[in-house]
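Okay, structure first, notes after.
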Amino acid sequence: MHYVVTENRAPTGGVLRFLGPNDRVDVYRSALRRVDWADLSHAVMTAYARGADVRLLRQEDARG
């Protein structure tokens, strides 16, 4: 599955923690402004450790 984390949208930390090798997470810079960023950042790193393809991106496109 493909998940996106931005200032305005994100799956729950619980969902992110269980991602693995067949999953991708795009984390946009605006996500740093989220009030729950601390929890989400831990979840994203757990997904990365479990084998998910985590990409840190600067700018959202028109759809983001």
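By order in the structure tokens, chains are A, B, ...; within a chain, residues start at 1; ligands start at 1, following the order shown.
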Which residues, written as a PDB file with C-alpha atoms, in the first residue's frame, have at least one atom at most 8 Å from Leu16 in chain A, with only C-alpha atoms counted and residues fewer than 3 positions away on the same chain left out?
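Now in around_12.pdb:
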```pdb
ATOM      1  CA  PRO A  11      -2.868   7.440   8.553  1.00  0.00           C
ATOM      2  CA  THR A  12      -2.846   6.749  12.278  1.00  0.00           C
ATOM      3  CA  GLY A  13       0.405   5.897  13.999  1.00  0.00           C
ATOM      4  CA  LEU A  19       3.831  -1.434   7.520  1.00  0.00           C
ATOM      5  CA  LEU A  40       3.907   9.804  13.743  1.00  0.00           C
ATOM      6  CA  ALA A  43       5.645   5.204  13.694  1.00  0.00           C
ATOM      7  CA  VAL A  44       7.319   6.110  10.385  1.00  0.00           C
ATOM      8  CA  THR A  46       9.199   1.720  12.892  1.00  0.00           C
ATOM      9  CA  ALA A  47       7.770   1.174   9.412  1.00  0.00           C
TER      10      ALA A  47
END
```
Could you pull the residues within 12 Å of Asn8 in chain A, counting only C-alpha atoms, minus those fewer than 4 positions along the same chain, as a PDB file with C-alpha atoms, in the first residue's frame?
```
ATOM      1  CA  VAL A   4       1.063   9.863   2.486  1.00  0.00           C
ATOM      2  CA  VAL A  27       6.458  11.987   4.210  1.00  0.00           C
ATOM      3  CA  TYR A  28       6.220  15.621   3.137  1.00  0.00           C
ATOM      4  CA  ARG A  29       8.002  18.414   4.956  1.00  0.00           C
ATOM      5  CA  SER A  30       4.695  19.979   5.985  1.00  0.00           C
ATOM      6  CA  ALA A  31       4.135  16.962   8.255  1.00  0.00           C
ATOM      7  CA  LEU A  32       6.565  18.552  10.713  1.00  0.00           C
ATOM      8  CA  ARG A  33       3.825  21.074  11.557  1.00  0.00           C
ATOM      9  CA  ARG A  34       1.417  18.393  12.781  1.00  0.00           C
ATOM     10  CA  VAL A  35       0.603  18.453  16.488  1.00  0.00           C
ATOM     11  CA  ASP A  36       0.983  14.660  16.536  1.00  0.00           C
ATOM     12  CA  TRP A  37       4.283  14.660  14.625  1.00  0.00           C
ATOM     13  CA  GLU A  60       3.420  18.476  -2.093  1.00  0.00           C
ATOM     14  CA  ARG A  63      -3.084  16.761  -5.162  1.00  0.00           C
ATOM     15  CA  GLY A  64      -1.284  16.811  -1.763  1.00  0.00           C
TER      16      GLY A  64
END
```
(request) Name all residues at most 10 Å from range 50-52 of chain A (count only C-alpha atoms; drop same-chain ones fewer than 5 positions away) and give them as number ranges by chain. (result) A: 1-2, 16-25, 44-45
